[in-house]
file target19.pdb (PDB, C-alpha atoms)
ATOM      1  CA  GLY Q  28       0.000   0.000   0.000  1.00  0.00           C
ATOM      2  CA  LEU Q  29       0.874   3.683  -0.088  1.00  0.00           C
ATOM      3  CA  VAL Q  30       3.039   5.181   2.658  1.00  0.00           C
ATOM      4  CA  ASP Q  31       1.677   8.736   2.532  1.00  0.00           C
ATOM      5  CA  LEU Q  32       4.071  11.294   3.992  1.00  0.00           C
ATOM      6  CA  HIS Q  33       1.767  14.262   3.353  1.00  0.00           C
ATOM      7  CA  CYS Q  34      -1.944  13.946   4.153  1.00  0.00           C
ATOM      8  CA  HIS Q  35      -4.181  16.599   5.744  1.00  0.00           C
ATOM      9  CA  GLY Q  36      -7.306  14.456   5.999  1.00  0.00           C
ATOM     10  CA  ALA Q  37     -10.133  13.004   3.893  1.00  0.00           C
ATOM     11  CA  TYR Q  38     -13.812  12.052   3.995  1.00  0.00           C
ATOM     12  CA  GLY Q  39     -14.842  15.426   5.388  1.00  0.00           C
ATOM     13  CA  VAL Q  40     -12.224  15.384   8.149  1.00  0.00           C
ATOM     14  CA  ASP Q  41      -9.471  17.995   8.454  1.00  0.00           C
ATOM     15  CA  PHE Q  42      -6.653  16.868  10.758  1.00  0.00           C
ATOM     16  CA  SER Q  43      -5.951  20.527  11.577  1.00  0.00           C
ATOM     17  CA  ARG Q  44      -9.260  21.008  13.393  1.00  0.00           C
ATOM     18  CA  ALA Q  45     -10.884  17.595  13.947  1.00  0.00           C
ATOM     19  CA  ASP Q  46     -11.252  15.664  17.189  1.00  0.00           C
ATOM     20  CA  ALA Q  47      -9.757  12.241  17.823  1.00  0.00           C
ATOM     21  CA  SER Q  48     -12.913  10.326  16.908  1.00  0.00           C
ATOM     22  CA  SER Q  49     -13.223  12.013  13.517  1.00  0.00           C
ATOM     23  CA  ILE Q  50      -9.531  11.493  12.784  1.00  0.00           C
ATOM     24  CA  ARG Q  51      -9.885   7.780  13.547  1.00  0.00           C
ATOM     25  CA  GLU Q  52     -12.771   7.543  11.062  1.00  0.00           C
ATOM     26  CA  ALA Q  53     -10.816   9.363   8.345  1.00  0.00           C
ATOM     27  CA  VAL Q  54      -7.713   7.225   8.808  1.00  0.00           C
ATOM     28  CA  ALA Q  55      -9.856   4.075   8.651  1.00  0.00           C
ATOM     29  CA  GLY Q  56     -11.158   5.301   5.288  1.00  0.00           C
ATOM     30  CA  LEU Q  57      -7.644   6.025   4.072  1.00  0.00           C
ATOM     31  CA  HIS Q  58      -6.615   2.507   5.091  1.00  0.00           C
ATOM     32  CA  ARG Q  59      -9.517   1.036   3.136  1.00  0.00           C
ATOM     33  CA  ALA Q  60      -8.450   3.099   0.119  1.00  0.00           C
ATOM     34  CA  GLY Q  61      -4.944   1.623   0.195  1.00  0.00           C
ATOM     35  CA  SER Q  62      -2.831   3.903   2.381  1.00  0.00           C
ATOM     36  CA  THR Q  63      -1.231   1.482   4.805  1.00  0.00           C
ATOM     37  CA  THR Q  64       0.750   4.202   6.610  1.00  0.00           C
ATOM     38  CA  VAL Q  65      -0.320   7.826   7.057  1.00  0.00           C
ATOM     39  CA  MET Q  66       1.597  10.858   8.253  1.00  0.00           C
ATOM     40  CA  ALA Q  67      -0.890  13.382   9.643  1.00  0.00           C
ATOM     41  CA  SER Q  68      -0.229  16.838   8.187  1.00  0.00           C
ATOM     42  CA  LEU Q  69      -1.348  20.146   9.680  1.00  0.00           C
ATOM     43  CA  VAL Q  70      -1.667  23.404   7.753  1.00  0.00           C
ATOM     44  CA  THR Q  71      -0.630  26.799   9.090  1.00  0.00           C
ATOM     45  CA  ASP Q  72      -2.941  27.963  11.873  1.00  0.00           C
ATOM     46  CA  GLU Q  73      -3.039  29.904  15.112  1.00  0.00           C
ATOM     47  CA  PRO Q  74      -0.186  28.781  17.400  1.00  0.00           C
ATOM     48  CA  GLU Q  75      -2.589  27.551  20.092  1.00  0.00           C
ATOM     49  CA  VAL Q  76      -4.494  25.467  17.524  1.00  0.00           C
ATOM     50  CA  LEU Q  77      -1.279  23.957  16.200  1.00  0.00           C
ATOM     51  CA  LEU Q  78      -0.121  23.094  19.713  1.00  0.00           C
ATOM     52  CA  ARG Q  79      -3.481  21.490  20.546  1.00  0.00           C
ATOM     53  CA  GLN Q  80      -3.614  19.384  17.377  1.00  0.00           C
ATOM     54  CA  VAL Q  81       0.013  18.308  17.607  1.00  0.00           C
ATOM     55  CA  ALA Q  82      -0.602  17.054  21.149  1.00  0.00           C
ATOM     56  CA  LEU Q  83      -3.792  15.271  20.062  1.00  0.00           C
ATOM     57  CA  LEU Q  84      -2.096  13.606  17.093  1.00  0.00           C
ATOM     58  CA  ALA Q  85       0.861  12.577  19.237  1.00  0.00           C
ATOM     59  CA  GLY Q  86      -1.575  10.531  21.300  1.00  0.00           C
ATOM     60  CA  LEU Q  87      -2.972   8.889  18.177  1.00  0.00           C
ATOM     61  CA  ALA Q  88       0.570   8.169  16.991  1.00  0.00           C
ATOM     62  CA  GLU Q  89       1.275   6.486  20.305  1.00  0.00           C
ATOM     63  CA  GLU Q  90      -1.723   4.256  19.575  1.00  0.00           C
ATOM     64  CA  GLY Q  91      -0.215   3.395  16.194  1.00  0.00           C
ATOM     65  CA  LEU Q  92      -3.027   5.057  14.228  1.00  0.00           C
ATOM     66  CA  VAL Q  93      -0.744   7.500  12.386  1.00  0.00           C
ATOM     67  CA  ALA Q  94       2.978   7.265  11.725  1.00  0.00           C
ATOM     68  CA  GLY Q  95       3.735  10.752  12.961  1.00  0.00           C
ATOM     69  CA  ILE Q  96       3.045  14.428  12.389  1.00  0.00           C
ATOM     70  CA  HIS Q  97       3.981  16.754   9.531  1.00  0.00           C
ATOM     71  CA  LEU Q  98       3.701  20.505  10.054  1.00  0.00           C
ATOM     72  CA  GLU Q  99       3.224  22.382   6.796  1.00  0.00           C
ATOM     73  CA  GLY Q 100       4.091  25.745   8.288  1.00  0.00           C
ATOM     74  CA  PRO Q 101       3.734  28.180   9.890  1.00  0.00           C
ATOM     75  CA  PHE Q 102       7.200  29.325   8.762  1.00  0.00           C
ATOM     76  CA  LEU Q 103       6.377  29.734   5.070  1.00  0.00           C
ATOM     77  CA  SER Q 104       6.582  32.420   2.379  1.00  0.00           C
ATOM     78  CA  GLU Q 105       3.612  34.729   1.956  1.00  0.00           C
ATOM     79  CA  VAL Q 106       4.478  34.973  -1.746  1.00  0.00           C
ATOM     80  CA  ARG Q 107       4.082  31.216  -2.195  1.00  0.00           C
ATOM     81  CA  CYS Q 108       1.577  30.438   0.560  1.00  0.00           C
ATOM     82  CA  GLY Q 109      -0.829  28.571  -1.733  1.00  0.00           C
ATOM     83  CA  ALA Q 110      -3.780  27.323   0.313  1.00  0.00           C
ATOM     84  CA  GLN Q 111      -2.086  28.301   3.595  1.00  0.00           C
ATOM     85  CA  ASP Q 112      -3.885  31.040   5.549  1.00  0.00           C
ATOM     86  CA  PRO Q 113      -1.575  34.088   5.292  1.00  0.00           C
ATOM     87  CA  ARG Q 114      -2.893  35.455   8.600  1.00  0.00           C
ATOM     88  CA  TRP Q 115      -0.912  32.893  10.555  1.00  0.00           C
ATOM     89  CA  LEU Q 116       2.328  32.777   8.574  1.00  0.00           C
ATOM     90  CA  LEU Q 117       5.375  33.642  10.663  1.00  0.00           C
ATOM     91  CA  ALA Q 118       9.098  34.101  10.363  1.00  0.00           C
ATOM     92  CA  PRO Q 119      10.840  31.193  12.132  1.00  0.00           C
ATOM     93  CA  ASP Q 120      10.182  31.466  15.860  1.00  0.00           C
ATOM     94  CA  LEU Q 121      12.421  29.099  17.804  1.00  0.00           C
ATOM     95  CA  GLU Q 122      10.345  29.389  20.983  1.00  0.00           C
ATOM     96  CA  LEU Q 123       7.204  28.294  19.134  1.00  0.00           C
ATOM     97  CA  ALA Q 124       9.127  25.590  17.264  1.00  0.00           C
ATOM     98  CA  GLU Q 125      10.442  24.194  20.539  1.00  0.00           C
ATOM     99  CA  ALA Q 126       6.943  24.213  22.016  1.00  0.00           C
ATOM    100  CA  LEU Q 127       5.618  22.305  18.990  1.00  0.00           C
ATOM    101  CA  ILE Q 128       8.419  19.755  19.306  1.00  0.00           C
ATOM    102  CA  ARG Q 129       7.598  19.258  23.000  1.00  0.00           C
ATOM    103  CA  ALA Q 130       3.876  18.938  22.253  1.00  0.00           C
ATOM    104  CA  GLY Q 131       4.694  16.238  19.696  1.00  0.00           C
ATOM    105  CA  ARG Q 132       6.424  14.033  22.300  1.00  0.00           C
ATOM    106  CA  GLY Q 133       8.779  12.617  19.681  1.00  0.00           C
ATOM    107  CA  TRP Q 134       6.107  12.213  16.982  1.00  0.00           C
ATOM    108  CA  LEU Q 135       6.717  15.462  15.112  1.00  0.00           C
ATOM    109  CA  ARG Q 136       8.559  13.937  12.159  1.00  0.00           C
ATOM    110  CA  THR Q 137       8.868  16.708   9.589  1.00  0.00           C
ATOM    111  CA  MET Q 138       8.256  20.433   9.115  1.00  0.00           C
ATOM    112  CA  THR Q 139       7.941  22.417   5.892  1.00  0.00           C
ATOM    113  CA  TYR Q 140       9.845  25.715   5.949  1.00  0.00           C
ATOM    114  CA  ALA Q 141      10.910  28.514   3.578  1.00  0.00           C
ATOM    115  CA  PRO Q 142      14.714  28.902   3.704  1.00  0.00           C
ATOM    116  CA  GLU Q 143      14.743  32.589   2.722  1.00  0.00           C
ATOM    117  CA  LEU Q 144      12.967  33.692   5.909  1.00  0.00           C
ATOM    118  CA  PRO Q 145      15.050  35.267   8.679  1.00  0.00           C
ATOM    119  CA  GLY Q 146      15.934  32.649  11.259  1.00  0.00           C
ATOM    120  CA  ALA Q 147      15.496  29.692   8.917  1.00  0.00           C
ATOM    121  CA  ASP Q 148      19.068  28.448   9.445  1.00  0.00           C
ATOM    122  CA  ALA Q 149      18.570  28.293  13.209  1.00  0.00           C
ATOM    123  CA  LEU Q 150      15.226  26.567  12.692  1.00  0.00           C
ATOM    124  CA  VAL Q 151      16.819  23.858  10.526  1.00  0.00           C
ATOM    125  CA  GLU Q 152      19.455  23.291  13.193  1.00  0.00           C
ATOM    126  CA  LEU Q 153      16.787  22.982  15.894  1.00  0.00           C
ATOM    127  CA  LEU Q 154      14.694  20.572  13.832  1.00  0.00           C
ATOM    128  CA  ALA Q 155      17.575  18.313  12.844  1.00  0.00           C
ATOM    129  CA  GLY Q 156      18.851  18.221  16.418  1.00  0.00           C
ATOM    130  CA  ASN Q 157      15.464  16.971  17.591  1.00  0.00           C
ATOM    131  CA  GLY Q 158      14.934  14.296  14.949  1.00  0.00           C
ATOM    132  CA  VAL Q 159      12.553  16.411  12.854  1.00  0.00           C
ATOM    133  CA  THR Q 160      13.193  16.302   9.110  1.00  0.00           C
ATOM    134  CA  PRO Q 161      13.367  19.763   7.497  1.00  0.00           C
ATOM    135  CA  SER Q 162      11.256  19.895   4.323  1.00  0.00           C
ATOM    136  CA  LEU Q 163      11.844  22.819   1.973  1.00  0.00           C
ATOM    137  CA  GLY Q 164       8.643  24.213   0.505  1.00  0.00           C
ATOM    138  CA  HIS Q 165       6.156  27.054   0.028  1.00  0.00           C
ATOM    139  CA  THR Q 166       9.130  29.231  -0.813  1.00  0.00           C
ATOM    140  CA  ALA Q 167      10.222  32.009  -3.135  1.00  0.00           C
ATOM    141  CA  CYS Q 168      13.904  31.421  -2.395  1.00  0.00           C
ATOM    142  CA  THR Q 169      16.719  31.545  -4.921  1.00  0.00           C
ATOM    143  CA  ALA Q 170      18.522  28.477  -6.206  1.00  0.00           C
ATOM    144  CA  GLU Q 171      21.507  29.398  -4.061  1.00  0.00           C
ATOM    145  CA  GLN Q 172      19.411  29.695  -0.904  1.00  0.00           C
ATOM    146  CA  ALA Q 173      17.764  26.336  -1.544  1.00  0.00           C
ATOM    147  CA  HIS Q 174      21.114  24.697  -2.323  1.00  0.00           C
ATOM    148  CA  GLU Q 175      22.720  25.991   0.860  1.00  0.00           C
ATOM    149  CA  SER Q 176      19.738  25.145   3.075  1.00  0.00           C
ATOM    150  CA  LEU Q 177      19.329  21.593   1.785  1.00  0.00           C
ATOM    151  CA  GLY Q 178      23.066  21.023   2.096  1.00  0.00           C
ATOM    152  CA  ARG Q 179      23.092  22.299   5.649  1.00  0.00           C
ATOM    153  CA  ALA Q 180      20.064  20.195   6.564  1.00  0.00           C
ATOM    154  CA  ARG Q 181      21.752  17.114   5.128  1.00  0.00           C
ATOM    155  CA  GLN Q 182      24.908  17.771   7.156  1.00  0.00           C
ATOM    156  CA  LEU Q 183      23.001  18.351  10.376  1.00  0.00           C
ATOM    157  CA  LEU Q 184      20.926  15.201   9.951  1.00  0.00           C
ATOM    158  CA  ALA Q 185      24.047  13.173   9.196  1.00  0.00           C
ATOM    159  CA  ALA Q 186      25.617  14.419  12.425  1.00  0.00           C
ATOM    160  CA  SER Q 187      22.499  13.648  14.487  1.00  0.00           C
ATOM    161  CA  ALA Q 188      21.160  10.440  15.968  1.00  0.00           C
ATOM    162  CA  HIS Q 189      19.181  10.053  12.721  1.00  0.00           C
ATOM    163  CA  ALA Q 190      22.264   9.771  10.518  1.00  0.00           C
ATOM    164  CA  GLY Q 191      20.443   7.963   7.706  1.00  0.00           C
ATOM    165  CA  ALA Q 192      17.872  10.721   7.272  1.00  0.00           C
ATOM    166  CA  ARG Q 193      17.913  13.382   4.562  1.00  0.00           C
ATOM    167  CA  PRO Q 194      15.860  16.497   4.008  1.00  0.00           C
ATOM    168  CA  THR Q 195      12.782  16.424   1.835  1.00  0.00           C
ATOM    169  CA  VAL Q 196      11.069  18.850  -0.530  1.00  0.00           C
ATOM    170  CA  THR Q 197       7.372  19.522   0.020  1.00  0.00           C
ATOM    171  CA  HIS Q 198       5.417  18.866  -3.212  1.00  0.00           C
ATOM    172  CA  LEU Q 199       8.131  19.792  -5.706  1.00  0.00           C
ATOM    173  CA  PHE Q 200       7.037  22.408  -8.293  1.00  0.00           C
ATOM    174  CA  ASN Q 201       3.908  23.325  -6.302  1.00  0.00           C
ATOM    175  CA  GLY Q 202       4.320  26.283  -3.966  1.00  0.00           C
ATOM    176  CA  MET Q 203       7.558  27.516  -5.548  1.00  0.00           C
ATOM    177  CA  ASP Q 204       8.681  29.584  -8.511  1.00  0.00           C
ATOM    178  CA  PRO Q 205       8.871  27.744 -11.849  1.00  0.00           C
ATOM    179  CA  ILE Q 206      12.289  27.256 -13.424  1.00  0.00           C
ATOM    180  CA  HIS Q 207      13.377  30.106 -15.690  1.00  0.00           C
ATOM    181  CA  HIS Q 208      16.618  30.045 -17.623  1.00  0.00           C
ATOM    182  CA  ARG Q 209      17.828  33.230 -15.876  1.00  0.00           C
ATOM    183  CA  THR Q 210      16.206  32.659 -12.488  1.00  0.00           C
ATOM    184  CA  PRO Q 211      16.395  28.896 -11.863  1.00  0.00           C
ATOM    185  CA  GLY Q 212      14.873  29.157  -8.384  1.00  0.00           C
ATOM    186  CA  ALA Q 213      14.392  26.495  -5.727  1.00  0.00           C
ATOM    187  CA  VAL Q 214      13.286  23.809  -8.180  1.00  0.00           C
ATOM    188  CA  SER Q 215      16.683  23.578  -9.839  1.00  0.00           C
ATOM    189  CA  ALA Q 216      18.504  23.197  -6.518  1.00  0.00           C
ATOM    190  CA  CYS Q 217      15.990  20.590  -5.328  1.00  0.00           C
ATOM    191  CA  LEU Q 218      16.490  18.560  -8.502  1.00  0.00           C
ATOM    192  CA  ARG Q 219      20.267  18.601  -8.081  1.00  0.00           C
ATOM    193  CA  ALA Q 220      20.033  17.581  -4.420  1.00  0.00           C
ATOM    194  CA  ALA Q 221      17.633  14.733  -5.176  1.00  0.00           C
ATOM    195  CA  GLU Q 222      19.657  13.442  -8.135  1.00  0.00           C
ATOM    196  CA  ALA Q 223      22.698  13.282  -5.846  1.00  0.00           C
ATOM    197  CA  GLY Q 224      20.709  11.383  -3.213  1.00  0.00           C
ATOM    198  CA  ASN Q 225      20.956  14.259  -0.725  1.00  0.00           C
ATOM    199  CA  ALA Q 226      17.207  14.979  -0.610  1.00  0.00           C
ATOM    200  CA  ALA Q 227      13.924  13.285  -1.448  1.00  0.00           C
ATOM    201  CA  VAL Q 228      11.251  15.181  -3.352  1.00  0.00           C
ATOM    202  CA  GLU Q 229       7.507  14.821  -2.891  1.00  0.00           C
ATOM    203  CA  LEU Q 230       5.381  14.658  -6.030  1.00  0.00           C
ATOM    204  CA  ILE Q 231       1.585  14.978  -6.079  1.00  0.00           C
ATOM    205  CA  ALA Q 232       1.052  12.620  -9.014  1.00  0.00           C
ATOM    206  CA  ASP Q 233      -2.697  13.139  -9.428  1.00  0.00           C
ATOM    207  CA  ASN Q 234      -2.439  14.444 -13.027  1.00  0.00           C
ATOM    208  CA  THR Q 235      -3.760  17.806 -11.777  1.00  0.00           C
ATOM    209  CA  HIS Q 236      -1.022  19.270  -9.595  1.00  0.00           C
ATOM    210  CA  LEU Q 237       1.564  17.968 -12.071  1.00  0.00           C
ATOM    211  CA  ASP Q 238       1.359  16.950 -15.712  1.00  0.00           C
ATOM    212  CA  PRO Q 239       1.924  13.181 -15.977  1.00  0.00           C
ATOM    213  CA  TYR Q 240       4.720  13.746 -18.510  1.00  0.00           C
ATOM    214  CA  LEU Q 241       6.586  15.800 -15.903  1.00  0.00           C
ATOM    215  CA  VAL Q 242       6.112  13.061 -13.297  1.00  0.00           C
ATOM    216  CA  ALA Q 243       7.528  10.460 -15.693  1.00  0.00           C
ATOM    217  CA  THR Q 244      10.433  12.805 -16.430  1.00  0.00           C
ATOM    218  CA  MET Q 245      11.216  13.093 -12.725  1.00  0.00           C
ATOM    219  CA  PHE Q 246      11.381   9.302 -12.404  1.00  0.00           C
ATOM    220  CA  ASP Q 247      13.748   9.160 -15.367  1.00  0.00           C
ATOM    221  CA  LEU Q 248      16.005  11.940 -14.092  1.00  0.00           C
ATOM    222  CA  LEU Q 249      15.951  11.352 -10.324  1.00  0.00           C
ATOM    223  CA  GLY Q 250      15.139   7.663  -9.903  1.00  0.00           C
ATOM    224  CA  ALA Q 251      12.334   6.215  -7.820  1.00  0.00           C
ATOM    225  CA  GLY Q 252      14.514   6.083  -4.713  1.00  0.00           C
ATOM    226  CA  ASN Q 253      14.659   9.863  -4.548  1.00  0.00           C
ATOM    227  CA  ILE Q 254      10.911  10.441  -4.989  1.00  0.00           C
ATOM    228  CA  ALA Q 255       8.050  10.205  -2.496  1.00  0.00           C
ATOM    229  CA  LEU Q 256       4.584  10.066  -4.050  1.00  0.00           C
ATOM    230  CA  VAL Q 257       2.124  11.888  -1.770  1.00  0.00           C
ATOM    231  CA  THR Q 258      -1.565  12.718  -1.904  1.00  0.00           C
ATOM    232  CA  ASP Q 259      -1.565  16.049  -0.007  1.00  0.00           C
ATOM    233  CA  SER Q 260      -5.139  14.911   0.576  1.00  0.00           C
ATOM    234  CA  MET Q 261      -7.504  17.210   2.461  1.00  0.00           C
ATOM    235  CA  ALA Q 262     -11.011  17.055   3.904  1.00  0.00           C
ATOM    236  CA  ALA Q 263     -12.771  17.234   0.527  1.00  0.00           C
ATOM    237  CA  ALA Q 264     -10.980  14.127  -0.794  1.00  0.00           C
TER     238      ALA Q 264
END

call {"tool": "encode", "arguments": {"input": "target19.pdb", "output": "structure tokens"}}
result
Amino acid sequence: GLVDLHCHGAYGVDFSRADASSIREAVAGLHRAGSTTVMASLVTDEPEVLLRQVALLAGLAEEGLVAGIHLEGPFLSEVRCGAQDPRWLLAPDLELAEALIRAGRGWLRTMTYAPELPGADALVELLAGNGVTPSLGHTACTAEQAHESLGRARQLLAASAHAGARPTVTHLFNGMDPIHHRTPGAVSACLRAAEAGNAAVELIADNTHLDPYLVATMFDLLGAGNIALVTDSMAAA
């Protein structure tokens, strides 16, 4: 079955706001649909809501219902926020990040961040040091910024207790500037990192977020071992 690293909910249930009973029902539906393992993703929200839902999902992870927690934000670019609520976007706040890590009780597995934001380097260091995989995404950064941030994340993970881990890229192509021959942007750096085996890129291969020809091209260029197919499913799915 599918190991889904990026899933916000389904069947009318939004992990970001739902109670434990509703989340159990949604995950049961996802299991029936073929997702054998689900990472519960939360979108950007008020800090108190994020803290509450992270703590709730940590309890469900302890039960074995979900494999862990993915925070898509709140440290993301306003320029490339996509469906994220811009009201709650923040520059990296280490105090809040530490509180979210504590609330997760070891089950916060990955966090999407924009490397161009002030404080992003310190955030990556904090995440890697606590076993949380940094995931570059929802960013308007340059190719150089992406290259340096992914490289630093890789080094920090290699030096941590999770030496086999590597950074990821949240839904490659979506939520970032397209490649241009004079402004290659984050995508070009992410492709180079993945091809070298220093990062894994998420692809939403639903034939809507990405053209199927592009998905096939990514498999040819990067290899299946450097790609994670994700649903990025939400309540309406």

call {"tool": "closest_residue", "arguments": {"input": "target19.pdb", "among": "Q:Ala173, Q:Leu69, Q:Ala192, Q:Ile128", "to": "Ser215 (chain Q)", "atoms": "all atoms listed in the file"}}
result
Q:Ala173

call {"tool": "closest_residue", "arguments": {"input": "target19.pdb", "among": "Q:Leu32, Q:Ala255, Q:Leu248, Q:Met203", "to": "Ala226 (chain Q)", "atoms": "all atoms listed in the file"}}
result
Q:Ala255

call {"tool": "resolve_selection", "arguments": {"input": "target19.pdb", "expression": "the PyMOL selection byres ((chain Q and resi 58-68) around 6)", "output": "PyMOL selection string"}}
result
chain Q and resi 28-35+55-57+69+93-98

call {"tool": "closest_residue", "arguments": {"input": "target19.pdb", "among": "Q:Ala190, Q:Leu84, Q:Val242, Q:Ala53", "to": "Thr160 (chain Q)", "atoms": "all atoms listed in the file"}}
result
Q:Ala190

call {"tool": "closest_residue", "arguments": {"input": "target19.pdb", "among": "Q:Ala262, Q:Arg136, Q:Asn225, Q:Asp233", "to": "Arg44 (chain Q)", "atoms": "all atoms listed in the file"}}
result
Q:Ala262

call {"tool": "atom_distance", "arguments": {"input": "target19.pdb", "atom1": "CA of Trp115 (chain Q)", "atom2": "CA of Thr71 (chain Q)"}}
result
6.3 Å

call {"tool": "residues_around", "arguments": {"input": "target19.pdb", "residues": "His174 (chain Q)", "least_positions_apart": "2", "cutoff": "9 Å", "atoms": "all atoms listed in the file", "output": "PDB file with C-alpha atoms, in the coordinates of the input"}}
result
ATOM      1  CA  THR Q 169      16.719  31.545  -4.921  1.00  0.00           C
ATOM      2  CA  ALA Q 170      18.522  28.477  -6.206  1.00  0.00           C
ATOM      3  CA  GLU Q 171      21.507  29.398  -4.061  1.00  0.00           C
ATOM      4  CA  GLN Q 172      19.411  29.695  -0.904  1.00  0.00           C
ATOM      5  CA  SER Q 176      19.738  25.145   3.075  1.00  0.00           C
ATOM      6  CA  LEU Q 177      19.329  21.593   1.785  1.00  0.00           C
ATOM      7  CA  GLY Q 178      23.066  21.023   2.096  1.00  0.00           C
ATOM      8  CA  ARG Q 179      23.092  22.299   5.649  1.00  0.00           C
ATOM      9  CA  ALA Q 213      14.392  26.495  -5.727  1.00  0.00           C
ATOM     10  CA  SER Q 215      16.683  23.578  -9.839  1.00  0.00           C
ATOM     11  CA  ALA Q 216      18.504  23.197  -6.518  1.00  0.00           C
ATOM     12  CA  CYS Q 217      15.990  20.590  -5.328  1.00  0.00           C
ATOM     13  CA  ARG Q 219      20.267  18.601  -8.081  1.00  0.00           C
ATOM     14  CA  ALA Q 220      20.033  17.581  -4.420  1.00  0.00           C
TER      15      ALA Q 220
END

call {"tool": "resolve_selection", "arguments": {"input": "target19.pdb", "expression": "the PyMOL selection byres ((chain Q and resi 154) around 10)", "output": "NGL selection string"}}
result
:Q and (121 or 124-125 or 128 or 135-138 or 149-153 or 155-161 or 180 or 183-184)

call {"tool": "closest_residue", "arguments": {"input": "target19.pdb", "among": "Q:Ser49, Q:Thr210, Q:Ser104, Q:Gln111", "to": "Leu163 (chain Q)", "atoms": "all atoms listed in the file"}}
result
Q:Ser104

call {"tool": "axis_aligned_box", "arguments": {"input": "target19.pdb", "around": "region 165-182 of chain Q", "padding_each_side": "6 Å", "output": "JSON"}}
result
{"center_x": 15.5, "center_y": 24.6, "center_z": 0.5, "size_x": 30.8, "size_y": 26.9, "size_z": 25.4}

call {"tool": "atom_distance", "arguments": {"input": "target19.pdb", "atom1": "CA of Glu175 (chain Q)", "atom2": "CA of Ala118 (chain Q)"}}
result
18.5 Å

call {"tool": "atom_distance", "arguments": {"input": "target19.pdb", "atom1": "CA of Leu87 (chain Q)", "atom2": "CA of Ile50 (chain Q)"}}
result
8.9 Å
